[in-house]
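**Q** Take this structure, written in structure tokens, and hold onto it; I'll ask about it next.
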Amino acid sequence: MVDAPEGIEGQGFFATSLDKVIGMARANSLWPLPFATSCCGIEFMATMGSNYDLARFGSERLSFSPRQADLLMVMGTIAKKMGPVLKQVYDQMAEPKWVIAVGACASSGGIFDTYSVLQGIDRIIPVDVYVPGCPPRPEQIIEGVMKIQDLARKESLRRRNSDEYKKMLESYNIETQ
Amino acid sequence: MSMTELNNENVLQVLNETFGEAILHPETQYGMLSVEIPADRNTEIVGCLKDHKDISMGFLTDVCAVHYPEQKGRELAVVYHLHSWTKNFRMRIKCFLPAEKPEITTMTGLYNSANWMERETFDFYGVQFTGHPDLRRILNMDEMDYHPLLKQYALEDETRDDKDDSFFGR
């Protein structure tokens, strides 16, 4: 069970702000889209397995359609040729959406400092949380998801309509919805 | 001449008898015969090896290139690996091309497998295979404007900026 957000409680009523209720609901029902291209994806499989069990955090429902997903988890080396595909997947996700870059390759290119590899996915899409490691252990991936939960819980409902957010998307040449 | 078993000596002998001066620098490395041939005779000589009833090189294992920037006039080597499945024999054929005009006739007329391998060789080394039905990049992204395995280009990604020496105490 998730604790109720801060609010005023009395006999037969509970009052809080809509932001907090929606934040709580979003944070505990994130639908991840796993974009797994290499060994970090294998660690993610362990993360989803019964030992580590990401389902405990409300993320057991993986979505393989970007249109239904809230959280894009990029796990593995992204070749430059893969870049436009990743960007299209991000474009197809509906707001609100979050992105985790899992592992050194997704975060920075990792050991693949070479002409064919994208040197970090933040060159094409905005990233909310970076999980370091090569590959990171399941505990670290869970920590990353929990950071996203924090962001989702505390996010203002107007954030995605703000000029700041639109400017950020424009800096990535992403059309605002 | 009829051969029951192929080996480096009798295949080289067939090549020397048939093509004479065109067979250059025969050598054996790790037990595999390797010869250089003139680049403008590649389909003729490989075609002969393929159709020869005793050799029948029916399989083109690999096409690749090597860049030797220090060899003026013959900077690019195109290497063909041939395999005779029926005779269990492998060999290697090299052609050298100048960097200014890296053109060689395609092998796609002889082997369908040459199609993608020649595209790969073009992609990474810029070798122009004349007569190839669809010579465009295969592995790198289409927007790439150079051939990355030529040695004048850096292997590392030029856009990477986190390798500041000060982070590593250098």
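By convention in this document, the chains of the structure tokens carry letters A, B, ... by their order, each chain's residues are numbered from 1, and ligands are numbered from 1 in the order they are shown.
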For chain B, work out the contacting residues on chain A at 7 Å, counting only C-alpha atoms, and write them as a VMD selection string.
**A** chain A and resid 80 to 81 113 to 116 119
**Q** If you take only C-alpha atoms and a cut-off of 9 Å, which residues of range 67-110 of chain B touch range 115-138 of chain B, and what are their nearest atom pairs and distances in Å to one decimal, in chain and number order, as CSV?
**A**
residue,atom,partner,partner_atom,distance
B:His67,CA,B:Tyr125,CA,7.7
B:Leu76,CA,B:Val127,CA,8.2
B:Val78,CA,B:Val127,CA,8.3
B:Leu97,CA,B:Val127,CA,8.7
B:Ala99,CA,B:Val127,CA,8.8
B:Lys101,CA,B:Gln128,CA,8.4
B:Pro102,CA,B:Val127,CA,5.2
B:Glu103,CA,B:Gln128,CA,4.7
B:Ile104,CA,B:Phe129,CA,5.1
B:Thr105,CA,B:Thr130,CA,4.8
B:Thr106,CA,B:Phe129,CA,4.8
B:Met107,CA,B:Asn115,CA,7.8
B:Thr108,CA,B:Asn115,CA,5.6
B:Gly109,CA,B:His132,CA,8.6
**Q** For Tyr68 in chain B, find every residue with an atom within 10 Å (counting only C-alpha atoms), except residues of its own chain fewer than 6 positions away, and show them as a ChimeraX atom specification.
**A** /B:74-77,96,99,150-151
**Q** Would you save the residues from that selection as a tab-separated table (two decimals), in the first residue's frame, using N, CA, C and O atoms?
**A**
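Output saved as out.tsv:
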chain	number	residue	atom	x	y	z
B	74	ARG	N	49.09	1.79	-54.78
B	74	ARG	CA	48.38	0.54	-54.47
B	74	ARG	C	47.97	0.55	-53.00
B	74	ARG	O	48.30	-0.35	-52.22
B	75	GLU	N	47.21	1.59	-52.66
B	75	GLU	CA	46.86	1.79	-51.25
B	75	GLU	C	45.77	0.84	-50.75
B	75	GLU	O	45.72	0.52	-49.57
B	76	LEU	N	44.88	0.43	-51.66
B	76	LEU	CA	43.76	-0.40	-51.21
B	76	LEU	C	43.88	-1.81	-51.74
B	76	LEU	O	44.06	-2.02	-52.94
B	77	ALA	N	43.81	-2.77	-50.83
B	77	ALA	CA	43.79	-4.17	-51.25
B	77	ALA	C	42.37	-4.67	-51.11
B	77	ALA	O	41.74	-4.48	-50.07
B	96	PHE	N	45.16	-5.09	-55.84
B	96	PHE	CA	45.53	-3.79	-55.27
B	96	PHE	C	45.02	-2.67	-56.17
B	96	PHE	O	45.10	-2.75	-57.40
B	99	ALA	N	44.43	4.67	-54.47
B	99	ALA	CA	43.42	5.38	-53.67
B	99	ALA	C	42.66	6.40	-54.50
B	99	ALA	O	41.50	6.69	-54.22
B	150	LEU	N	39.06	3.95	-43.70
B	150	LEU	CA	40.27	4.50	-44.31
B	150	LEU	C	41.07	5.18	-43.21
B	150	LEU	O	40.52	5.85	-42.34
B	151	LYS	N	42.39	4.97	-43.26
B	151	LYS	CA	43.18	5.33	-42.06
B	151	LYS	C	43.36	6.83	-41.87
B	151	LYS	O	43.82	7.24	-40.80
**Q** So which residues touch range 46-53 of chain B within 12 Å, counting only C-alpha atoms, skipping near sequence neighbours fewer than 2 positions away, as a compact mmCIF listing (two decimals) with all heavy atoms, in the first residue's frame?
**A**
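So around-v4.txt came out as:
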# COMPACT_ATOMS: atom_id res chain seq x y z
N MET B 1 44.42 -32.11 -66.78
CA MET B 1 44.99 -32.60 -65.52
C MET B 1 43.86 -32.95 -64.55
O MET B 1 42.91 -32.21 -64.39
CB MET B 1 45.87 -31.49 -64.93
CG MET B 1 46.44 -31.83 -63.59
SD MET B 1 47.42 -30.42 -63.00
CE MET B 1 46.76 -30.26 -61.38
N SER B 2 44.00 -34.10 -63.93
CA SER B 2 42.97 -34.50 -62.98
C SER B 2 43.56 -34.60 -61.59
O SER B 2 44.66 -35.12 -61.42
CB SER B 2 42.38 -35.84 -63.41
OG SER B 2 41.46 -36.28 -62.45
N MET B 3 42.84 -34.04 -60.61
CA MET B 3 43.38 -34.03 -59.25
C MET B 3 42.36 -34.68 -58.34
O MET B 3 41.18 -34.37 -58.38
CB MET B 3 43.64 -32.60 -58.79
CG MET B 3 44.79 -31.94 -59.52
SD MET B 3 44.97 -30.24 -59.03
CE MET B 3 43.62 -29.49 -59.92
N THR B 4 42.82 -35.58 -57.51
CA THR B 4 41.88 -36.16 -56.55
C THR B 4 41.78 -35.26 -55.33
O THR B 4 40.70 -35.04 -54.81
CB THR B 4 42.36 -37.57 -56.12
OG1 THR B 4 43.74 -37.47 -55.77
CG2 THR B 4 42.18 -38.55 -57.24
N LEU B 6 42.98 -31.49 -53.61
CA LEU B 6 43.59 -30.19 -53.86
C LEU B 6 44.56 -29.84 -52.74
O LEU B 6 44.30 -30.11 -51.58
CB LEU B 6 42.53 -29.10 -53.93
CG LEU B 6 41.54 -29.16 -55.08
CD1 LEU B 6 40.70 -27.90 -55.08
CD2 LEU B 6 42.25 -29.32 -56.40
N VAL B 11 47.10 -26.33 -56.90
CA VAL B 11 46.23 -25.21 -57.32
C VAL B 11 47.07 -24.07 -57.88
O VAL B 11 46.76 -23.50 -58.93
CB VAL B 11 45.35 -24.72 -56.15
CG1 VAL B 11 44.60 -23.44 -56.54
CG2 VAL B 11 44.35 -25.80 -55.75
N LEU B 12 48.19 -23.78 -57.21
CA LEU B 12 49.08 -22.73 -57.70
C LEU B 12 49.63 -23.11 -59.07
O LEU B 12 49.76 -22.26 -59.95
CB LEU B 12 50.22 -22.51 -56.70
CG LEU B 12 51.19 -21.39 -57.05
CD1 LEU B 12 50.47 -20.06 -57.16
CD2 LEU B 12 52.30 -21.30 -56.01
N VAL B 14 48.11 -24.95 -61.37
CA VAL B 14 47.05 -24.69 -62.35
C VAL B 14 46.99 -23.20 -62.67
O VAL B 14 46.93 -22.79 -63.85
CB VAL B 14 45.68 -25.18 -61.82
CG1 VAL B 14 44.56 -24.72 -62.73
CG2 VAL B 14 45.67 -26.68 -61.71
N LEU B 15 47.05 -22.36 -61.63
CA LEU B 15 46.98 -20.91 -61.84
C LEU B 15 48.16 -20.43 -62.68
O LEU B 15 47.98 -19.66 -63.63
CB LEU B 15 46.96 -20.18 -60.49
CG LEU B 15 45.63 -20.18 -59.74
CD1 LEU B 15 45.83 -19.66 -58.33
CD2 LEU B 15 44.60 -19.34 -60.47
N THR B 18 47.77 -21.54 -66.31
CA THR B 18 46.69 -20.88 -67.05
C THR B 18 46.93 -19.39 -67.24
O THR B 18 46.67 -18.84 -68.30
CB THR B 18 45.34 -21.07 -66.29
OG1 THR B 18 45.31 -22.39 -65.76
CG2 THR B 18 44.17 -20.85 -67.22
N PHE B 19 47.45 -18.73 -66.20
CA PHE B 19 47.53 -17.27 -66.27
C PHE B 19 48.95 -16.72 -66.25
O PHE B 19 49.13 -15.52 -66.42
CB PHE B 19 46.72 -16.66 -65.11
CG PHE B 19 45.26 -17.00 -65.18
CD1 PHE B 19 44.72 -17.95 -64.33
CD2 PHE B 19 44.44 -16.41 -66.12
CE1 PHE B 19 43.38 -18.27 -64.40
CE2 PHE B 19 43.11 -16.74 -66.20
CZ PHE B 19 42.57 -17.68 -65.34
N ILE B 23 49.82 -14.15 -62.15
CA ILE B 23 49.80 -14.64 -60.77
C ILE B 23 51.04 -14.12 -60.05
O ILE B 23 52.17 -14.52 -60.34
CB ILE B 23 49.76 -16.18 -60.74
CG1 ILE B 23 48.60 -16.71 -61.57
CG2 ILE B 23 49.70 -16.70 -59.32
CD1 ILE B 23 47.24 -16.26 -61.10
N VAL B 35 47.36 -15.40 -53.34
CA VAL B 35 48.05 -14.85 -54.51
C VAL B 35 47.51 -13.46 -54.82
O VAL B 35 46.37 -13.15 -54.49
CB VAL B 35 47.89 -15.75 -55.77
CG1 VAL B 35 48.50 -17.11 -55.57
CG2 VAL B 35 46.44 -15.85 -56.19
N GLU B 36 48.36 -12.67 -55.44
CA GLU B 36 47.90 -11.37 -55.92
C GLU B 36 47.66 -11.48 -57.41
O GLU B 36 48.42 -12.14 -58.12
CB GLU B 36 48.97 -10.31 -55.64
CG GLU B 36 48.49 -8.91 -56.02
CD GLU B 36 49.62 -7.88 -56.03
OE1 GLU B 36 50.58 -8.04 -55.25
OE2 GLU B 36 49.52 -6.94 -56.83
N ILE B 37 46.59 -10.84 -57.88
CA ILE B 37 46.32 -10.82 -59.32
C ILE B 37 46.06 -9.38 -59.74
O ILE B 37 45.73 -8.55 -58.90
CB ILE B 37 45.11 -11.72 -59.69
CG1 ILE B 37 43.84 -11.26 -58.95
CG2 ILE B 37 45.39 -13.18 -59.37
CD1 ILE B 37 42.58 -11.92 -59.46
N PRO B 38 46.21 -9.07 -61.03
CA PRO B 38 45.91 -7.70 -61.48
C PRO B 38 44.42 -7.40 -61.26
O PRO B 38 43.57 -8.26 -61.54
CB PRO B 38 46.24 -7.71 -62.97
CG PRO B 38 47.07 -8.92 -63.17
CD PRO B 38 46.68 -9.91 -62.14
N ALA B 39 44.15 -6.18 -60.78
CA ALA B 39 42.76 -5.84 -60.42
C ALA B 39 41.83 -5.93 -61.63
O ALA B 39 40.66 -6.26 -61.48
CB ALA B 39 42.71 -4.44 -59.81
N ASP B 40 42.33 -5.68 -62.84
CA ASP B 40 41.42 -5.69 -64.00
C ASP B 40 41.13 -7.11 -64.50
O ASP B 40 40.39 -7.28 -65.46
CB ASP B 40 41.99 -4.81 -65.12
CG ASP B 40 43.40 -5.20 -65.50
OD1 ASP B 40 43.96 -6.10 -64.84
OD2 ASP B 40 43.95 -4.61 -66.46
N ARG B 41 41.73 -8.12 -63.86
CA ARG B 41 41.45 -9.49 -64.31
C ARG B 41 40.76 -10.30 -63.22
O ARG B 41 40.77 -11.54 -63.28
CB ARG B 41 42.75 -10.16 -64.75
CG ARG B 41 43.39 -9.45 -65.95
CD ARG B 41 44.62 -10.17 -66.43
NE ARG B 41 44.31 -11.46 -67.04
CZ ARG B 41 45.25 -12.30 -67.49
NH1 ARG B 41 46.53 -11.98 -67.39
NH2 ARG B 41 44.92 -13.46 -68.03
N ASN B 42 40.18 -9.64 -62.24
CA ASN B 42 39.64 -10.39 -61.09
C ASN B 42 38.52 -11.35 -61.48
O ASN B 42 38.55 -12.52 -61.09
CB ASN B 42 39.19 -9.43 -59.97
CG ASN B 42 38.04 -8.53 -60.36
OD1 ASN B 42 37.81 -8.28 -61.55
ND2 ASN B 42 37.31 -8.05 -59.37
N THR B 43 37.56 -10.89 -62.29
CA THR B 43 36.45 -11.80 -62.61
C THR B 43 36.90 -12.94 -63.51
O THR B 43 36.42 -14.06 -63.40
CB THR B 43 35.30 -11.05 -63.29
OG1 THR B 43 35.83 -10.21 -64.31
CG2 THR B 43 34.55 -10.18 -62.29
N GLU B 44 37.86 -12.63 -64.38
CA GLU B 44 38.36 -13.67 -65.30
C GLU B 44 39.01 -14.81 -64.51
O GLU B 44 38.71 -15.99 -64.71
CB GLU B 44 39.38 -13.02 -66.25
CG GLU B 44 40.04 -14.00 -67.19
CD GLU B 44 41.31 -13.42 -67.84
OE1 GLU B 44 41.56 -12.21 -67.67
OE2 GLU B 44 42.04 -14.19 -68.47
N ILE B 55 38.65 -27.80 -59.49
CA ILE B 55 38.80 -26.88 -58.36
C ILE B 55 37.43 -26.44 -57.85
O ILE B 55 37.16 -26.49 -56.67
CB ILE B 55 39.68 -25.67 -58.75
CG1 ILE B 55 41.07 -26.16 -59.17
CG2 ILE B 55 39.79 -24.69 -57.58
CD1 ILE B 55 42.01 -25.09 -59.66
N SER B 56 36.60 -26.01 -58.75
CA SER B 56 35.20 -25.60 -58.47
C SER B 56 35.04 -24.81 -57.17
O SER B 56 34.43 -25.27 -56.21
CB SER B 56 34.24 -26.78 -58.51
OG SER B 56 34.46 -27.67 -57.47
N MET B 57 35.61 -23.61 -57.17
CA MET B 57 35.47 -22.71 -56.02
C MET B 57 34.05 -22.16 -56.02
O MET B 57 33.76 -21.09 -56.56
CB MET B 57 36.45 -21.53 -56.15
CG MET B 57 37.88 -21.91 -55.92
SD MET B 57 38.15 -22.29 -54.18
CE MET B 57 39.94 -22.43 -54.19
N GLY B 58 33.14 -22.90 -55.42
CA GLY B 58 31.72 -22.56 -55.53
C GLY B 58 31.24 -21.54 -54.53
O GLY B 58 30.10 -21.09 -54.59
N PHE B 59 32.09 -21.17 -53.58
CA PHE B 59 31.59 -20.32 -52.49
C PHE B 59 32.54 -19.17 -52.25
O PHE B 59 33.75 -19.36 -52.05
CB PHE B 59 31.45 -21.16 -51.22
CG PHE B 59 30.74 -20.45 -50.11
CD1 PHE B 59 29.38 -20.24 -50.14
CD2 PHE B 59 31.45 -20.00 -49.01
CE1 PHE B 59 28.73 -19.58 -49.11
CE2 PHE B 59 30.80 -19.34 -47.97
CZ PHE B 59 29.43 -19.14 -48.04
N LEU B 60 31.99 -17.96 -52.27
CA LEU B 60 32.78 -16.77 -51.94
C LEU B 60 32.55 -16.48 -50.45
O LEU B 60 31.51 -15.98 -50.07
CB LEU B 60 32.34 -15.60 -52.81
CG LEU B 60 33.06 -14.27 -52.59
CD1 LEU B 60 34.52 -14.37 -52.96
CD2 LEU B 60 32.39 -13.18 -53.42
N VAL B 79 40.35 -8.10 -50.96
CA VAL B 79 40.71 -9.49 -50.69
C VAL B 79 39.48 -10.38 -50.86
O VAL B 79 38.42 -10.09 -50.30
CB VAL B 79 41.28 -9.65 -49.26
CG1 VAL B 79 41.80 -11.06 -49.05
CG2 VAL B 79 42.37 -8.62 -49.01
N TYR B 80 39.63 -11.44 -51.64
CA TYR B 80 38.56 -12.42 -51.82
C TYR B 80 38.97 -13.72 -51.15
O TYR B 80 40.07 -14.20 -51.38
CB TYR B 80 38.33 -12.69 -53.30
CG TYR B 80 37.94 -11.47 -54.10
CD1 TYR B 80 38.89 -10.77 -54.82
CD2 TYR B 80 36.62 -11.05 -54.15
CE1 TYR B 80 38.54 -9.64 -55.55
CE2 TYR B 80 36.26 -9.93 -54.87
CZ TYR B 80 37.23 -9.23 -55.58
OH TYR B 80 36.87 -8.12 -56.30
N HIS B 81 38.10 -14.25 -50.32
CA HIS B 81 38.32 -15.57 -49.74
C HIS B 81 37.42 -16.55 -50.48
O HIS B 81 36.20 -16.38 -50.49
CB HIS B 81 37.96 -15.59 -48.26
CG HIS B 81 38.94 -14.84 -47.41
ND1 HIS B 81 39.56 -15.42 -46.34
CD2 HIS B 81 39.41 -13.58 -47.47
CE1 HIS B 81 40.38 -14.53 -45.78
NE2 HIS B 81 40.29 -13.41 -46.45
N LEU B 82 38.03 -17.57 -51.07
CA LEU B 82 37.25 -18.54 -51.83
C LEU B 82 37.26 -19.88 -51.13
O LEU B 82 38.23 -20.24 -50.44
CB LEU B 82 37.85 -18.70 -53.24
CG LEU B 82 37.91 -17.44 -54.08
CD1 LEU B 82 38.71 -17.70 -55.34
CD2 LEU B 82 36.50 -16.99 -54.45
N HIS B 83 36.20 -20.63 -51.31
CA HIS B 83 36.09 -21.93 -50.66
C HIS B 83 35.47 -22.91 -51.65
O HIS B 83 34.44 -22.62 -52.24
CB HIS B 83 35.20 -21.81 -49.42
CG HIS B 83 35.23 -23.01 -48.53
ND1 HIS B 83 34.56 -23.03 -47.34
CD2 HIS B 83 35.83 -24.21 -48.63
CE1 HIS B 83 34.77 -24.21 -46.75
NE2 HIS B 83 35.53 -24.94 -47.52
N SER B 84 36.16 -24.04 -51.82
CA SER B 84 35.58 -25.11 -52.62
C SER B 84 34.98 -26.13 -51.68
O SER B 84 35.69 -26.84 -50.97
CB SER B 84 36.66 -25.77 -53.49
OG SER B 84 36.13 -26.93 -54.08
N TRP B 85 33.65 -26.18 -51.64
CA TRP B 85 33.00 -27.10 -50.70
C TRP B 85 33.19 -28.55 -51.14
O TRP B 85 33.34 -29.43 -50.31
CB TRP B 85 31.49 -26.79 -50.63
CG TRP B 85 31.20 -25.60 -49.77
CD1 TRP B 85 32.12 -24.83 -49.12
CD2 TRP B 85 29.94 -25.05 -49.45
NE1 TRP B 85 31.51 -23.84 -48.42
CE2 TRP B 85 30.15 -23.94 -48.60
CE3 TRP B 85 28.63 -25.38 -49.81
CZ2 TRP B 85 29.11 -23.17 -48.10
CZ3 TRP B 85 27.59 -24.61 -49.30
CH2 TRP B 85 27.82 -23.51 -48.46
N THR B 86 33.16 -28.77 -52.45
CA THR B 86 33.25 -30.16 -52.90
C THR B 86 34.66 -30.71 -52.73
O THR B 86 34.84 -31.90 -52.54
CB THR B 86 32.84 -30.28 -54.39
OG1 THR B 86 33.55 -29.28 -55.13
CG2 THR B 86 31.34 -30.05 -54.53
N LYS B 87 35.67 -29.83 -52.79
CA LYS B 87 37.05 -30.31 -52.66
C LYS B 87 37.67 -29.95 -51.31
O LYS B 87 38.83 -30.24 -51.07
CB LYS B 87 37.92 -29.69 -53.77
CG LYS B 87 37.44 -30.00 -55.17
CD LYS B 87 37.81 -31.41 -55.56
CE LYS B 87 37.25 -31.71 -56.94
NZ LYS B 87 37.66 -33.04 -57.41
N PHE B 89 38.70 -27.03 -50.00
CA PHE B 89 39.92 -26.27 -50.19
C PHE B 89 39.59 -24.78 -50.15
O PHE B 89 38.60 -24.33 -50.70
CB PHE B 89 40.56 -26.62 -51.55
CG PHE B 89 41.83 -25.89 -51.81
CD1 PHE B 89 43.02 -26.29 -51.21
CD2 PHE B 89 41.85 -24.77 -52.65
CE1 PHE B 89 44.19 -25.60 -51.43
CE2 PHE B 89 43.03 -24.07 -52.87
CZ PHE B 89 44.20 -24.50 -52.26
N ARG B 90 40.45 -24.05 -49.45
CA ARG B 90 40.25 -22.60 -49.35
C ARG B 90 41.46 -21.87 -49.89
O ARG B 90 42.60 -22.36 -49.80
CB ARG B 90 40.14 -22.17 -47.89
CG ARG B 90 38.95 -22.65 -47.15
CD ARG B 90 39.21 -22.44 -45.68
NE ARG B 90 38.14 -22.97 -44.86
CZ ARG B 90 37.07 -22.28 -44.50
NH1 ARG B 90 36.91 -21.04 -44.89
NH2 ARG B 90 36.14 -22.83 -43.76
N MET B 91 41.24 -20.67 -50.44
CA MET B 91 42.37 -19.82 -50.79
C MET B 91 41.95 -18.35 -50.78
O MET B 91 40.78 -18.02 -50.62
CB MET B 91 42.98 -20.19 -52.13
CG MET B 91 42.13 -19.86 -53.32
SD MET B 91 43.03 -20.12 -54.84
CE MET B 91 44.33 -18.90 -54.71
N ARG B 92 42.97 -17.50 -50.95
CA ARG B 92 42.74 -16.07 -50.81
C ARG B 92 43.32 -15.37 -52.03
O ARG B 92 44.41 -15.72 -52.50
CB ARG B 92 43.44 -15.60 -49.55
CG ARG B 92 43.20 -14.20 -49.15
CD ARG B 92 43.61 -14.00 -47.71
NE ARG B 92 44.91 -14.60 -47.44
CZ ARG B 92 45.30 -15.05 -46.25
NH1 ARG B 92 44.50 -14.98 -45.24
NH2 ARG B 92 46.50 -15.57 -46.09
N ILE B 93 42.59 -14.40 -52.55
CA ILE B 93 43.06 -13.66 -53.73
C ILE B 93 43.03 -12.17 -53.43
O ILE B 93 42.04 -11.66 -52.89
CB ILE B 93 42.19 -14.00 -54.96
CG1 ILE B 93 42.52 -15.44 -55.37
CG2 ILE B 93 42.43 -13.03 -56.09
CD1 ILE B 93 41.88 -15.90 -56.61
N LYS B 94 44.11 -11.49 -53.74
CA LYS B 94 44.19 -10.05 -53.45
C LYS B 94 44.34 -9.25 -54.73
O LYS B 94 45.07 -9.66 -55.64
CB LYS B 94 45.41 -9.75 -52.57
CG LYS B 94 45.36 -10.35 -51.20
CD LYS B 94 46.62 -9.99 -50.45
CE LYS B 94 46.65 -10.70 -49.12
NZ LYS B 94 47.91 -10.47 -48.40
N CYS B 95 43.68 -8.10 -54.79
CA CYS B 95 43.88 -7.15 -55.88
C CYS B 95 44.23 -5.81 -55.24
O CYS B 95 43.61 -5.44 -54.24
CB CYS B 95 42.60 -6.97 -56.69
SG CYS B 95 41.98 -8.48 -57.40
N THR B 105 35.96 -4.47 -60.91
CA THR B 105 34.72 -5.07 -61.42
C THR B 105 34.04 -5.89 -60.32
O THR B 105 34.70 -6.55 -59.54
CB THR B 105 35.02 -6.00 -62.62
OG1 THR B 105 35.88 -5.30 -63.50
CG2 THR B 105 33.76 -6.38 -63.35
N THR B 106 32.73 -5.82 -60.31
CA THR B 106 31.97 -6.55 -59.28
C THR B 106 32.05 -8.06 -59.51
O THR B 106 32.22 -8.53 -60.62
CB THR B 106 30.50 -6.12 -59.31
OG1 THR B 106 29.79 -6.86 -58.33
CG2 THR B 106 29.86 -6.37 -60.65
N MET B 107 31.90 -8.81 -58.40
CA MET B 107 31.85 -10.28 -58.47
C MET B 107 30.41 -10.78 -58.47
O MET B 107 30.18 -11.98 -58.43
CB MET B 107 32.53 -10.88 -57.23
CG MET B 107 34.01 -11.03 -57.25
SD MET B 107 34.67 -12.04 -58.54
CE MET B 107 36.39 -11.66 -58.25
N THR B 108 29.45 -9.83 -58.46
CA THR B 108 28.06 -10.28 -58.32
C THR B 108 27.62 -11.14 -59.51
O THR B 108 26.69 -11.92 -59.37
CB THR B 108 27.10 -9.08 -58.18
OG1 THR B 108 27.43 -8.12 -59.19
CG2 THR B 108 27.23 -8.44 -56.83
N GLY B 109 28.30 -11.00 -60.66
CA GLY B 109 27.96 -11.85 -61.79
C GLY B 109 28.31 -13.32 -61.53
O GLY B 109 27.70 -14.22 -62.09
N LEU B 110 29.31 -13.54 -60.67
CA LEU B 110 29.76 -14.91 -60.38
C LEU B 110 29.11 -15.47 -59.12
O LEU B 110 28.73 -16.63 -59.06
CB LEU B 110 31.28 -14.93 -60.21
CG LEU B 110 32.11 -14.64 -61.46
CD1 LEU B 110 33.56 -14.43 -61.08
CD2 LEU B 110 32.00 -15.80 -62.44
N TYR B 111 29.06 -14.61 -58.08
CA TYR B 111 28.53 -15.08 -56.79
C TYR B 111 27.49 -14.07 -56.31
O TYR B 111 27.78 -12.89 -56.17
CB TYR B 111 29.64 -15.14 -55.74
CG TYR B 111 30.80 -16.03 -56.09
CD1 TYR B 111 31.96 -15.49 -56.64
CD2 TYR B 111 30.75 -17.39 -55.83
CE1 TYR B 111 33.04 -16.31 -56.94
CE2 TYR B 111 31.83 -18.21 -56.12
CZ TYR B 111 32.96 -17.66 -56.68
OH TYR B 111 34.02 -18.45 -56.97
**Q** Using only C-alpha atoms, find the one residue out of B:Ala22, B:Asn112, B:Glu17, B:His147 that sits nearest to Ala65 in chain B.
**A**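 Result for the nearest residue to Ala65 in chain B: B:His147.
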**Q** Need to verify the contact set: range 122-135 of chain A, 7 Å, only C-alpha atoms, exclusion of same-chain residues closer than 2 positions in sequence. Can you return it as an MDAnalysis selection string?
**A** chainID A and resid 39:40 87 98:104 107 120 137 140:141 144 148 172
**Q** Dump C-alpha atoms for the selected residues as a tab-separated table (two decimals), in the first residue's frame?
**A**
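Written out: result04.tsv:
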chain	number	residue	atom	x	y	z
A	39	CYS	CA	23.87	-6.39	-21.86
A	40	CYS	CA	22.02	-3.76	-19.82
A	87	LYS	CA	13.81	9.42	-31.44
A	98	TRP	CA	10.09	10.11	-18.65
A	99	VAL	CA	13.38	8.64	-19.88
A	100	ILE	CA	16.03	6.61	-18.08
A	101	ALA	CA	19.43	6.03	-19.67
A	102	VAL	CA	20.59	2.74	-18.17
A	103	GLY	CA	24.31	2.01	-18.28
A	104	ALA	CA	27.41	3.72	-19.57
A	107	SER	CA	24.44	7.63	-20.89
A	120	GLY	CA	24.90	9.27	-25.15
A	137	ARG	CA	23.13	-4.25	-11.21
A	140	GLN	CA	20.82	0.25	-9.48
A	141	ILE	CA	18.14	0.00	-12.17
A	144	GLY	CA	16.80	4.69	-11.19
A	148	ILE	CA	11.68	8.55	-11.75
A	172	TYR	CA	16.08	18.66	-29.34
**Q** Between CA of Met24 in chain A and CA of Leu86 in chain A, what distance in Å does the model show, to one decimal?
**A**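 Interatomic distance, CA of Met24 in chain A to CA of Leu86 in chain A: 28.3 Å.
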**Q** From a DSSP pass on the backbone, collect the residues of range 31-150 of chain B flagged as strand (DSSP E or B) and hand them back as number ranges by chain.
**A** B: 32-36, 59-67, 76-84, 89-97, 103-105, 128-130
**Q** I'd like the interatomic distance between CA of Arg61 in chain A and CA of Pro32 in chain A, to a tenth of an Å.
**A**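 Computing the Euclidean distance for CA of Arg61 in chain A and CA of Pro32 in chain A yields 7.2 Å.
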**Q** Of the residues A:Gln149, A:Gln92, A:Ser38, A:Asn161, which is the one nearest to Ile174 in chain A, using only C-alpha atoms?
**A** A:Gln92
**Q** Go through A:Phe112, A:Phe64, A:Tyr165, A:Phe57 one by one, measure the shortest atom-to-atom distance of each to Glu143 in chain A using only C-alpha atoms, and give the residue with the smallest value.
**A**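 Of A:Phe112, A:Phe64, A:Tyr165, A:Phe57, the one nearest Glu143 in chain A, counting only C-alpha atoms, is A:Phe57.
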